[in-house]
Every structure is written in C-alpha cells, then in structure tokens.
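Asks: Structure file start_20.cif (mmCIF, N, CA and C atoms) is given on the next line.
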```cif
data_start
loop_
_atom_site.label_atom_id
_atom_site.label_comp_id
_atom_site.auth_asym_id
_atom_site.auth_seq_id
_atom_site.Cartn_x
_atom_site.Cartn_y
_atom_site.Cartn_z
N MET A 1 143.36 63.48 -28.80
CA MET A 1 143.92 62.15 -28.84
C MET A 1 145.36 62.26 -29.34
N VAL A 2 146.24 61.55 -28.67
CA VAL A 2 147.66 61.57 -29.03
C VAL A 2 148.01 60.29 -29.77
N PHE A 3 148.61 60.43 -30.93
CA PHE A 3 149.08 59.30 -31.71
C PHE A 3 150.55 59.06 -31.40
N SER A 4 150.90 57.85 -31.09
CA SER A 4 152.27 57.42 -30.82
C SER A 4 152.94 58.20 -29.68
N PRO A 5 152.30 58.22 -28.51
CA PRO A 5 152.89 58.95 -27.38
C PRO A 5 154.19 58.30 -26.86
N LEU A 6 154.46 57.08 -27.31
CA LEU A 6 155.70 56.40 -26.90
C LEU A 6 156.73 56.44 -28.02
N ALA A 7 156.53 57.36 -28.98
CA ALA A 7 157.48 57.59 -30.07
C ALA A 7 157.87 56.28 -30.77
N GLN A 8 156.85 55.54 -31.19
CA GLN A 8 157.06 54.29 -31.91
C GLN A 8 157.88 53.27 -31.11
N GLY A 9 157.83 53.36 -29.79
CA GLY A 9 158.54 52.43 -28.93
C GLY A 9 159.82 52.97 -28.32
N VAL A 10 160.28 54.12 -28.78
CA VAL A 10 161.52 54.69 -28.25
C VAL A 10 161.37 55.00 -26.76
N LEU A 11 160.19 55.46 -26.34
CA LEU A 11 159.97 55.80 -24.94
C LEU A 11 159.62 54.59 -24.08
N THR A 12 159.83 53.41 -24.61
CA THR A 12 159.69 52.20 -23.80
C THR A 12 161.03 51.78 -23.24
N GLY A 13 162.11 52.34 -23.79
CA GLY A 13 163.46 51.97 -23.36
C GLY A 13 164.02 50.76 -24.09
N LYS A 14 163.27 50.24 -25.07
CA LYS A 14 163.73 49.03 -25.77
C LYS A 14 164.87 49.30 -26.74
N TYR A 15 164.98 50.52 -27.23
CA TYR A 15 166.05 50.88 -28.15
C TYR A 15 167.16 51.57 -27.38
N LYS A 16 168.39 51.17 -27.63
CA LYS A 16 169.54 51.71 -26.90
C LYS A 16 170.58 52.24 -27.88
N LYS A 17 171.23 53.30 -27.45
CA LYS A 17 172.30 53.91 -28.25
C LYS A 17 173.38 52.86 -28.54
N GLY A 18 173.76 52.75 -29.82
CA GLY A 18 174.85 51.85 -30.21
C GLY A 18 174.47 50.39 -30.29
N GLN A 19 173.19 50.07 -30.10
CA GLN A 19 172.75 48.68 -30.18
C GLN A 19 171.76 48.50 -31.33
N ALA A 20 171.79 47.32 -31.92
CA ALA A 20 170.84 47.00 -32.98
C ALA A 20 169.43 46.94 -32.39
N ALA A 21 168.46 47.26 -33.20
CA ALA A 21 167.07 47.16 -32.77
C ALA A 21 166.74 45.71 -32.46
N PRO A 22 166.00 45.48 -31.39
CA PRO A 22 165.62 44.10 -31.05
C PRO A 22 164.82 43.43 -32.17
N ALA A 23 165.07 42.16 -32.40
CA ALA A 23 164.33 41.41 -33.41
C ALA A 23 162.84 41.49 -33.11
N GLY A 24 162.06 41.70 -34.15
CA GLY A 24 160.61 41.77 -34.00
C GLY A 24 160.09 43.15 -33.63
N SER A 25 160.98 44.09 -33.32
CA SER A 25 160.55 45.44 -32.96
C SER A 25 160.19 46.23 -34.21
N ARG A 26 159.53 47.35 -34.03
CA ARG A 26 159.17 48.19 -35.18
C ARG A 26 160.40 48.61 -35.97
N ALA A 27 161.46 48.96 -35.28
CA ALA A 27 162.67 49.43 -35.96
C ALA A 27 163.37 48.33 -36.75
N ALA A 28 163.07 47.09 -36.43
CA ALA A 28 163.69 45.96 -37.12
C ALA A 28 162.76 45.33 -38.15
N THR A 29 161.59 45.92 -38.36
CA THR A 29 160.59 45.36 -39.25
C THR A 29 160.51 46.17 -40.54
N GLU A 30 160.84 45.52 -41.63
CA GLU A 30 160.81 46.18 -42.94
C GLU A 30 159.40 46.70 -43.21
N GLY A 31 159.34 47.89 -43.76
CA GLY A 31 158.05 48.50 -44.07
C GLY A 31 157.48 49.31 -42.93
N VAL A 32 157.96 49.09 -41.73
CA VAL A 32 157.49 49.83 -40.56
C VAL A 32 158.62 50.70 -40.01
N SER A 33 159.84 50.26 -40.22
CA SER A 33 160.99 50.93 -39.60
C SER A 33 161.15 52.39 -40.02
N ALA A 34 160.65 52.76 -41.17
CA ALA A 34 160.78 54.15 -41.63
C ALA A 34 160.12 55.12 -40.65
N PHE A 35 159.04 54.70 -40.01
CA PHE A 35 158.32 55.57 -39.08
C PHE A 35 159.12 55.82 -37.81
N VAL A 36 159.83 54.84 -37.33
CA VAL A 36 160.56 54.95 -36.06
C VAL A 36 161.96 55.53 -36.26
N GLN A 37 162.52 55.40 -37.43
CA GLN A 37 163.89 55.82 -37.66
C GLN A 37 164.14 57.28 -37.27
N ARG A 38 163.18 58.14 -37.49
CA ARG A 38 163.38 59.57 -37.18
C ARG A 38 163.56 59.82 -35.68
N PHE A 39 163.12 58.88 -34.86
CA PHE A 39 163.27 59.01 -33.41
C PHE A 39 164.57 58.42 -32.88
N LEU A 40 165.24 57.62 -33.69
CA LEU A 40 166.43 56.89 -33.23
C LEU A 40 167.69 57.74 -33.40
N THR A 41 167.79 58.77 -32.58
CA THR A 41 168.95 59.67 -32.62
C THR A 41 169.69 59.63 -31.29
N ASP A 42 170.96 59.98 -31.33
CA ASP A 42 171.74 60.02 -30.08
C ASP A 42 171.11 60.97 -29.08
N GLU A 43 170.62 62.10 -29.56
CA GLU A 43 169.99 63.08 -28.67
C GLU A 43 168.78 62.46 -27.96
N ASN A 44 167.95 61.75 -28.71
CA ASN A 44 166.78 61.12 -28.10
C ASN A 44 167.16 59.99 -27.16
N PHE A 45 168.18 59.20 -27.54
CA PHE A 45 168.62 58.13 -26.65
C PHE A 45 169.11 58.69 -25.31
N THR A 46 169.81 59.81 -25.37
CA THR A 46 170.29 60.46 -24.14
C THR A 46 169.12 60.92 -23.29
N LYS A 47 168.12 61.49 -23.92
CA LYS A 47 166.93 61.94 -23.17
C LYS A 47 166.21 60.75 -22.53
N VAL A 48 166.09 59.66 -23.28
CA VAL A 48 165.42 58.48 -22.73
C VAL A 48 166.21 57.92 -21.54
N GLU A 49 167.52 57.92 -21.63
CA GLU A 49 168.35 57.47 -20.50
C GLU A 49 168.07 58.31 -19.27
N ARG A 50 167.94 59.63 -19.45
CA ARG A 50 167.65 60.50 -18.32
C ARG A 50 166.22 60.27 -17.79
N LEU A 51 165.29 60.02 -18.71
CA LEU A 51 163.92 59.71 -18.29
C LEU A 51 163.87 58.39 -17.52
N GLU A 52 164.72 57.45 -17.91
CA GLU A 52 164.79 56.18 -17.18
C GLU A 52 165.17 56.42 -15.72
N GLY A 53 166.08 57.36 -15.49
CA GLY A 53 166.47 57.70 -14.12
C GLY A 53 165.31 58.28 -13.33
N ILE A 54 164.54 59.17 -13.96
CA ILE A 54 163.38 59.76 -13.29
C ILE A 54 162.35 58.67 -12.99
N ALA A 55 162.10 57.81 -13.97
CA ALA A 55 161.12 56.72 -13.78
C ALA A 55 161.56 55.78 -12.66
N ARG A 56 162.84 55.46 -12.63
CA ARG A 56 163.37 54.56 -11.59
C ARG A 56 163.14 55.15 -10.20
N GLU A 57 163.35 56.46 -10.05
CA GLU A 57 163.12 57.13 -8.76
C GLU A 57 161.66 57.02 -8.32
N LEU A 58 160.75 56.97 -9.29
CA LEU A 58 159.31 56.89 -9.00
C LEU A 58 158.81 55.45 -8.95
N ASP A 59 159.70 54.51 -9.24
CA ASP A 59 159.36 53.08 -9.29
C ASP A 59 158.27 52.79 -10.33
N ILE A 60 158.44 53.41 -11.50
CA ILE A 60 157.55 53.17 -12.64
C ILE A 60 158.42 52.96 -13.87
N THR A 61 157.81 52.55 -14.96
CA THR A 61 158.56 52.37 -16.20
C THR A 61 158.62 53.68 -16.98
N VAL A 62 159.52 53.74 -17.94
CA VAL A 62 159.61 54.92 -18.80
C VAL A 62 158.30 55.10 -19.56
N SER A 63 157.72 54.00 -20.01
CA SER A 63 156.44 54.07 -20.71
C SER A 63 155.38 54.73 -19.83
N GLN A 64 155.30 54.28 -18.59
CA GLN A 64 154.31 54.84 -17.67
C GLN A 64 154.58 56.32 -17.40
N LEU A 65 155.84 56.68 -17.28
CA LEU A 65 156.20 58.08 -17.08
C LEU A 65 155.75 58.92 -18.26
N ALA A 66 156.06 58.46 -19.46
CA ALA A 66 155.70 59.21 -20.67
C ALA A 66 154.19 59.36 -20.81
N LEU A 67 153.48 58.28 -20.55
CA LEU A 67 152.02 58.33 -20.67
C LEU A 67 151.39 59.18 -19.58
N ALA A 68 151.89 59.08 -18.36
CA ALA A 68 151.37 59.92 -17.27
C ALA A 68 151.62 61.39 -17.58
N TRP A 69 152.77 61.68 -18.18
CA TRP A 69 153.11 63.07 -18.53
C TRP A 69 152.12 63.63 -19.54
N ILE A 70 151.79 62.84 -20.56
CA ILE A 70 150.88 63.34 -21.59
C ILE A 70 149.42 63.32 -21.12
N LEU A 71 149.03 62.30 -20.37
CA LEU A 71 147.63 62.17 -19.93
C LEU A 71 147.25 63.18 -18.86
N ARG A 72 148.22 63.86 -18.27
CA ARG A 72 147.90 64.86 -17.24
C ARG A 72 147.24 66.09 -17.83
N LEU A 73 147.40 66.28 -19.13
CA LEU A 73 146.87 67.48 -19.79
C LEU A 73 145.36 67.37 -19.98
N PRO A 74 144.62 68.39 -19.56
CA PRO A 74 143.17 68.34 -19.67
C PRO A 74 142.68 68.24 -21.12
N SER A 75 143.48 68.67 -22.06
CA SER A 75 143.08 68.64 -23.47
C SER A 75 143.26 67.26 -24.11
N ILE A 76 143.88 66.33 -23.39
CA ILE A 76 144.12 64.99 -23.90
C ILE A 76 143.09 64.03 -23.32
N SER A 77 142.32 63.40 -24.20
CA SER A 77 141.31 62.45 -23.72
C SER A 77 141.79 61.01 -23.82
N SER A 78 142.74 60.74 -24.72
CA SER A 78 143.25 59.37 -24.86
C SER A 78 144.57 59.39 -25.63
N ALA A 79 145.24 58.25 -25.57
CA ALA A 79 146.53 58.10 -26.25
C ALA A 79 146.55 56.75 -26.96
N LEU A 80 146.90 56.76 -28.23
CA LEU A 80 147.00 55.52 -29.01
C LEU A 80 148.40 54.96 -28.85
N VAL A 81 148.53 53.93 -28.04
CA VAL A 81 149.86 53.42 -27.71
C VAL A 81 150.38 52.34 -28.65
N GLY A 82 149.52 51.66 -29.37
CA GLY A 82 149.99 50.66 -30.32
C GLY A 82 150.68 49.47 -29.68
N ALA A 83 150.18 49.00 -28.57
CA ALA A 83 150.76 47.84 -27.89
C ALA A 83 150.64 46.61 -28.78
N THR A 84 151.65 45.75 -28.72
CA THR A 84 151.64 44.52 -29.51
C THR A 84 151.50 43.27 -28.64
N LYS A 85 151.54 43.44 -27.33
CA LYS A 85 151.42 42.30 -26.41
C LYS A 85 150.47 42.68 -25.27
N PRO A 86 149.72 41.70 -24.75
CA PRO A 86 148.79 42.00 -23.65
C PRO A 86 149.48 42.63 -22.43
N GLU A 87 150.70 42.20 -22.11
CA GLU A 87 151.39 42.76 -20.94
C GLU A 87 151.73 44.24 -21.14
N GLN A 88 151.92 44.65 -22.40
CA GLN A 88 152.16 46.07 -22.67
C GLN A 88 150.91 46.89 -22.38
N ILE A 89 149.77 46.35 -22.72
CA ILE A 89 148.51 47.04 -22.43
C ILE A 89 148.33 47.21 -20.92
N ALA A 90 148.58 46.15 -20.18
CA ALA A 90 148.44 46.21 -18.72
C ALA A 90 149.41 47.23 -18.12
N GLU A 91 150.66 47.22 -18.60
CA GLU A 91 151.65 48.17 -18.09
C GLU A 91 151.25 49.60 -18.42
N ASN A 92 150.83 49.83 -19.64
CA ASN A 92 150.46 51.18 -20.07
C ASN A 92 149.23 51.70 -19.33
N ALA A 93 148.28 50.82 -19.06
CA ALA A 93 147.05 51.24 -18.38
C ALA A 93 147.35 51.77 -16.99
N LYS A 94 148.39 51.28 -16.35
CA LYS A 94 148.76 51.76 -15.01
C LYS A 94 149.10 53.25 -15.01
N ALA A 95 149.51 53.77 -16.14
CA ALA A 95 149.87 55.19 -16.23
C ALA A 95 148.69 56.10 -15.94
N SER A 96 147.48 55.61 -16.19
CA SER A 96 146.30 56.46 -15.99
C SER A 96 146.10 56.86 -14.53
N GLY A 97 146.66 56.11 -13.60
CA GLY A 97 146.52 56.44 -12.18
C GLY A 97 147.71 57.16 -11.58
N ILE A 98 148.71 57.46 -12.39
CA ILE A 98 149.93 58.09 -11.88
C ILE A 98 149.79 59.61 -11.93
N LYS A 99 150.02 60.22 -10.80
CA LYS A 99 150.02 61.69 -10.71
C LYS A 99 151.46 62.13 -10.49
N LEU A 100 151.99 62.90 -11.41
CA LEU A 100 153.37 63.36 -11.32
C LEU A 100 153.44 64.65 -10.51
N SER A 101 154.41 64.73 -9.64
CA SER A 101 154.57 65.93 -8.80
C SER A 101 155.07 67.09 -9.65
N GLU A 102 154.93 68.27 -9.11
CA GLU A 102 155.42 69.47 -9.81
C GLU A 102 156.93 69.38 -10.03
N ASP A 103 157.66 68.85 -9.06
CA ASP A 103 159.12 68.68 -9.21
C ASP A 103 159.45 67.75 -10.37
N THR A 104 158.72 66.65 -10.46
CA THR A 104 158.95 65.70 -11.55
C THR A 104 158.61 66.33 -12.89
N LEU A 105 157.49 67.03 -12.96
CA LEU A 105 157.11 67.70 -14.20
C LEU A 105 158.18 68.72 -14.61
N LYS A 106 158.71 69.43 -13.64
CA LYS A 106 159.77 70.40 -13.94
C LYS A 106 161.01 69.70 -14.49
N GLN A 107 161.39 68.58 -13.89
CA GLN A 107 162.55 67.82 -14.38
C GLN A 107 162.34 67.39 -15.83
N ILE A 108 161.16 66.89 -16.13
CA ILE A 108 160.85 66.43 -17.48
C ILE A 108 160.87 67.59 -18.46
N GLU A 109 160.25 68.69 -18.10
CA GLU A 109 160.20 69.86 -18.98
C GLU A 109 161.60 70.39 -19.26
N GLU A 110 162.46 70.43 -18.24
CA GLU A 110 163.84 70.89 -18.45
C GLU A 110 164.60 69.94 -19.37
N LEU A 111 164.35 68.66 -19.23
CA LEU A 111 165.00 67.65 -20.06
C LEU A 111 164.60 67.80 -21.52
N LEU A 112 163.34 68.11 -21.75
CA LEU A 112 162.82 68.21 -23.11
C LEU A 112 163.08 69.57 -23.77
N ALA A 113 163.42 70.55 -22.97
CA ALA A 113 163.62 71.92 -23.51
C ALA A 113 164.79 71.98 -24.48
#
```
Let me see whether you can do it: turn the structure in this file into structure tokens.
Replies:
Amino acid sequence: MVFSPLAQGVLTGKYKKGQAAPAGSRAATEGVSAFVQRFLTDENFTKVERLEGIARELDITVSQLALAWILRLPSISSALVGATKPEQIAENAKASGIKLSEDTLKQIEELLA
C-alpha cells in the first residue's frame, strides 16, 4: 500500500512555482502544511510541469498519470490518495484502468532519475 502517492497534492498540479498555495489546500492549512512543505521545491515543480506535458499527450490528468504509474507495479495493491472532494475520488479511480506504454514509462523514469 502506498501512502500519499500524489505527494500531499503536489502531483495534482494544484501547486505552482512562484505562486501561493491555494486557499483551503493542505499547504495553506496550519497544522497540515508541514507535511507538504518538503515537496514544494523548484526541482519538484519543474518535474510536475514536465509530467503535465506527458499527461496532456495522453489526455489524462497528472493525478491519473501518477496513480497509473504506481498502480502498475505488481507489489502495489492500493494507494491512499487522501481525496477531500467526491470529484477527486472519481478522477483518481479512473487511473486504475490506465495502462502506460513502455515509451511513457521510460519518459517518466528518465524524468525522475
């Protein structure tokens, strides 16, 4: 089981380099923001921007891309996504049916290396 496969919301694309955290988000919530702060780096924002490009080519969201990437592993039985809205659950569930091509997996692996 994977805890926080969306990196506390960073892999949803909601946080952007040079912008304040959206009101109501984990990063803007006192007492919770400490967990997400470690992910809010320029390096990670750059990676998410590149992942957004890959997701756009596949006509899926960054969240779906990230979840499909982790759920493809036979050793992973589930992922705790921590959705706060029903529409997030619906969007995330779609990732379970996404099969990423070898080319896409290679692009992601190179990006994360």
Asks: Apply the PyMOL selection byres ((chain A and resi 36) around 7) to the file shown and report the selected residues as a VMD selection string.
Replies: chain A and resid 7 to 8 26 to 27 32 to 35 37 to 40
Asks: Taking only C-alpha atoms into account, which of A:Ala113, A:Gly18, A:Gln64, A:Met1 comes nearest Gly97 of chain A?
Replies: A:Gln64
Asks: Given the choices A:Phe3, A:Glu49, A:Ser101, A:Gly9, which gets closest to Ser63 of chain A if the distance is worked out from only C-alpha atoms?
Replies: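 Checking each candidate against Ser63 of chain A, we get A:Gly9 as the closest.
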Asks: Which is closer to Ala95 of chain A than all the others in A:Ala66, A:Val48, A:Ala83, A:Val2, using all atoms listed in the file?
Replies: A:Ala66
Asks: Please give the complete set of residues from chain A that DSSP, run on the backbone, assigns to strand (DSSP E or B), formatted as number ranges by chain.
Replies: A: 2-3, 79-80
Asks: What would the selection look like, as a PDB file with N, CA and C atoms, in the coordinates of the input, if the PyMOL selection byres ((chain A and resi 13) around 8) were run on the coordinates I just shared?
Replies:
```pdb
ATOM      1  N   LEU A   6     154.460  57.080 -27.310  1.00  0.00           N
ATOM      2  CA  LEU A   6     155.700  56.400 -26.900  1.00  0.00           C
ATOM      3  C   LEU A   6     156.730  56.440 -28.020  1.00  0.00           C
ATOM      4  N   GLY A   9     157.830  53.360 -29.790  1.00  0.00           N
ATOM      5  CA  GLY A   9     158.540  52.430 -28.930  1.00  0.00           C
ATOM      6  C   GLY A   9     159.820  52.970 -28.320  1.00  0.00           C
ATOM      7  N   VAL A  10     160.280  54.120 -28.780  1.00  0.00           N
ATOM      8  CA  VAL A  10     161.520  54.690 -28.250  1.00  0.00           C
ATOM      9  C   VAL A  10     161.370  55.000 -26.760  1.00  0.00           C
ATOM     10  N   LEU A  11     160.190  55.460 -26.340  1.00  0.00           N
ATOM     11  CA  LEU A  11     159.970  55.800 -24.940  1.00  0.00           C
ATOM     12  C   LEU A  11     159.620  54.590 -24.080  1.00  0.00           C
ATOM     13  N   THR A  12     159.830  53.410 -24.610  1.00  0.00           N
ATOM     14  CA  THR A  12     159.690  52.200 -23.800  1.00  0.00           C
ATOM     15  C   THR A  12     161.030  51.780 -23.240  1.00  0.00           C
ATOM     16  N   LYS A  14     163.270  50.240 -25.070  1.00  0.00           N
ATOM     17  CA  LYS A  14     163.730  49.030 -25.770  1.00  0.00           C
ATOM     18  C   LYS A  14     164.870  49.300 -26.740  1.00  0.00           C
ATOM     19  N   TYR A  15     164.980  50.520 -27.230  1.00  0.00           N
ATOM     20  CA  TYR A  15     166.050  50.880 -28.150  1.00  0.00           C
ATOM     21  C   TYR A  15     167.160  51.570 -27.380  1.00  0.00           C
ATOM     22  N   LYS A  16     168.390  51.170 -27.630  1.00  0.00           N
ATOM     23  CA  LYS A  16     169.540  51.710 -26.900  1.00  0.00           C
ATOM     24  C   LYS A  16     170.580  52.240 -27.880  1.00  0.00           C
ATOM     25  N   VAL A  48     166.090  59.660 -23.280  1.00  0.00           N
ATOM     26  CA  VAL A  48     165.420  58.480 -22.730  1.00  0.00           C
ATOM     27  C   VAL A  48     166.210  57.920 -21.540  1.00  0.00           C
ATOM     28  N   GLU A  49     167.520  57.920 -21.630  1.00  0.00           N
ATOM     29  CA  GLU A  49     168.350  57.470 -20.500  1.00  0.00           C
ATOM     30  C   GLU A  49     168.070  58.310 -19.270  1.00  0.00           C
ATOM     31  N   GLU A  52     164.720  57.450 -17.910  1.00  0.00           N
ATOM     32  CA  GLU A  52     164.790  56.180 -17.180  1.00  0.00           C
ATOM     33  C   GLU A  52     165.170  56.420 -15.720  1.00  0.00           C
ATOM     34  N   THR A  61     157.810  52.550 -14.960  1.00  0.00           N
ATOM     35  CA  THR A  61     158.560  52.370 -16.200  1.00  0.00           C
ATOM     36  C   THR A  61     158.620  53.680 -16.980  1.00  0.00           C
ATOM     37  N   VAL A  62     159.520  53.740 -17.940  1.00  0.00           N
ATOM     38  CA  VAL A  62     159.610  54.920 -18.800  1.00  0.00           C
ATOM     39  C   VAL A  62     158.300  55.100 -19.560  1.00  0.00           C
ATOM     40  N   SER A  63     157.720  54.000 -20.010  1.00  0.00           N
ATOM     41  CA  SER A  63     156.440  54.070 -20.710  1.00  0.00           C
ATOM     42  C   SER A  63     155.380  54.730 -19.830  1.00  0.00           C
TER      43      SER A  63
END
```
Asks: With the file shown as input, list the residues that the PyMOL selection byres (((chain A and resi 71 and name CA) around 10) and name CA) selects, as a ChimeraX atom specification.
Replies: /A:1-2,5,65-70,72-79,95-99
Asks: For the selection you just gave me, I'd like the residues written to a file as a short mmCIF file (atom, residue, chain, number, x, y, z; two decimals), in the frame of the given file, keeping N, CA and C atoms.
Replies:
```cif
data_model
loop_
_atom_site.label_atom_id
_atom_site.label_comp_id
_atom_site.auth_asym_id
_atom_site.auth_seq_id
_atom_site.Cartn_x
_atom_site.Cartn_y
_atom_site.Cartn_z
N MET A 1 143.36 63.48 -28.80
CA MET A 1 143.92 62.15 -28.84
C MET A 1 145.36 62.26 -29.34
N VAL A 2 146.24 61.55 -28.67
CA VAL A 2 147.66 61.57 -29.03
C VAL A 2 148.01 60.29 -29.77
N PRO A 5 152.30 58.22 -28.51
CA PRO A 5 152.89 58.95 -27.38
C PRO A 5 154.19 58.30 -26.86
N LEU A 65 155.84 56.68 -17.28
CA LEU A 65 156.20 58.08 -17.08
C LEU A 65 155.75 58.92 -18.26
N ALA A 66 156.06 58.46 -19.46
CA ALA A 66 155.70 59.21 -20.67
C ALA A 66 154.19 59.36 -20.81
N LEU A 67 153.48 58.28 -20.55
CA LEU A 67 152.02 58.33 -20.67
C LEU A 67 151.39 59.18 -19.58
N ALA A 68 151.89 59.08 -18.36
CA ALA A 68 151.37 59.92 -17.27
C ALA A 68 151.62 61.39 -17.58
N TRP A 69 152.77 61.68 -18.18
CA TRP A 69 153.11 63.07 -18.53
C TRP A 69 152.12 63.63 -19.54
N ILE A 70 151.79 62.84 -20.56
CA ILE A 70 150.88 63.34 -21.59
C ILE A 70 149.42 63.32 -21.12
N ARG A 72 148.22 63.86 -18.27
CA ARG A 72 147.90 64.86 -17.24
C ARG A 72 147.24 66.09 -17.83
N LEU A 73 147.40 66.28 -19.13
CA LEU A 73 146.87 67.48 -19.79
C LEU A 73 145.36 67.37 -19.98
N PRO A 74 144.62 68.39 -19.56
CA PRO A 74 143.17 68.34 -19.67
C PRO A 74 142.68 68.24 -21.12
N SER A 75 143.48 68.67 -22.06
CA SER A 75 143.08 68.64 -23.47
C SER A 75 143.26 67.26 -24.11
N ILE A 76 143.88 66.33 -23.39
CA ILE A 76 144.12 64.99 -23.90
C ILE A 76 143.09 64.03 -23.32
N SER A 77 142.32 63.40 -24.20
CA SER A 77 141.31 62.45 -23.72
C SER A 77 141.79 61.01 -23.82
N SER A 78 142.74 60.74 -24.72
CA SER A 78 143.25 59.37 -24.86
C SER A 78 144.57 59.39 -25.63
N ALA A 79 145.24 58.25 -25.57
CA ALA A 79 146.53 58.10 -26.25
C ALA A 79 146.55 56.75 -26.96
N ALA A 95 149.51 53.77 -16.14
CA ALA A 95 149.87 55.19 -16.23
C ALA A 95 148.69 56.10 -15.94
N SER A 96 147.48 55.61 -16.19
CA SER A 96 146.30 56.46 -15.99
C SER A 96 146.10 56.86 -14.53
N GLY A 97 146.66 56.11 -13.60
CA GLY A 97 146.52 56.44 -12.18
C GLY A 97 147.71 57.16 -11.58
N ILE A 98 148.71 57.46 -12.39
CA ILE A 98 149.93 58.09 -11.88
C ILE A 98 149.79 59.61 -11.93
N LYS A 99 150.02 60.22 -10.80
CA LYS A 99 150.02 61.69 -10.71
C LYS A 99 151.46 62.13 -10.49
#
```
Asks: Using DSSP on the backbone coordinates, identify all residues within chain A classified as helix (DSSP H, G or I); present the result as a PyMOL selection string.
Replies: chain A and resi 7-12+26-28+33-37+42-58+62-71+86-97+102-112
Asks: Go ahead and compute the interatomic distance for atom CA of Ile108 of chain A and atom N of Glu43 of chain A, in Å to one decimal.
Replies: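 Straight-line distance from atom CA of Ile108 of chain A to atom N of Glu43 of chain A works out to 16.1 Å.
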Asks: How many Å lie between atom CA of Thr41 of chain A and atom CA of Lys17 of chain A, rounded to one decimal?
Replies: 8.0 Å
Asks: Of the candidates A:Leu105, A:Leu111, A:Ala28, A:Ala20, which shows the shortest atom-to-atom distance to Arg50 of chain A, using all atoms listed in the file?
Replies: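 Looking at the shortest contact to Arg50 of chain A, the residue is A:Leu111.
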Asks: Provide the atom C of Ala23 of chain A to atom C of Gly82 of chain A distance in Å, to one decimal place.
Replies: 14.9 Å
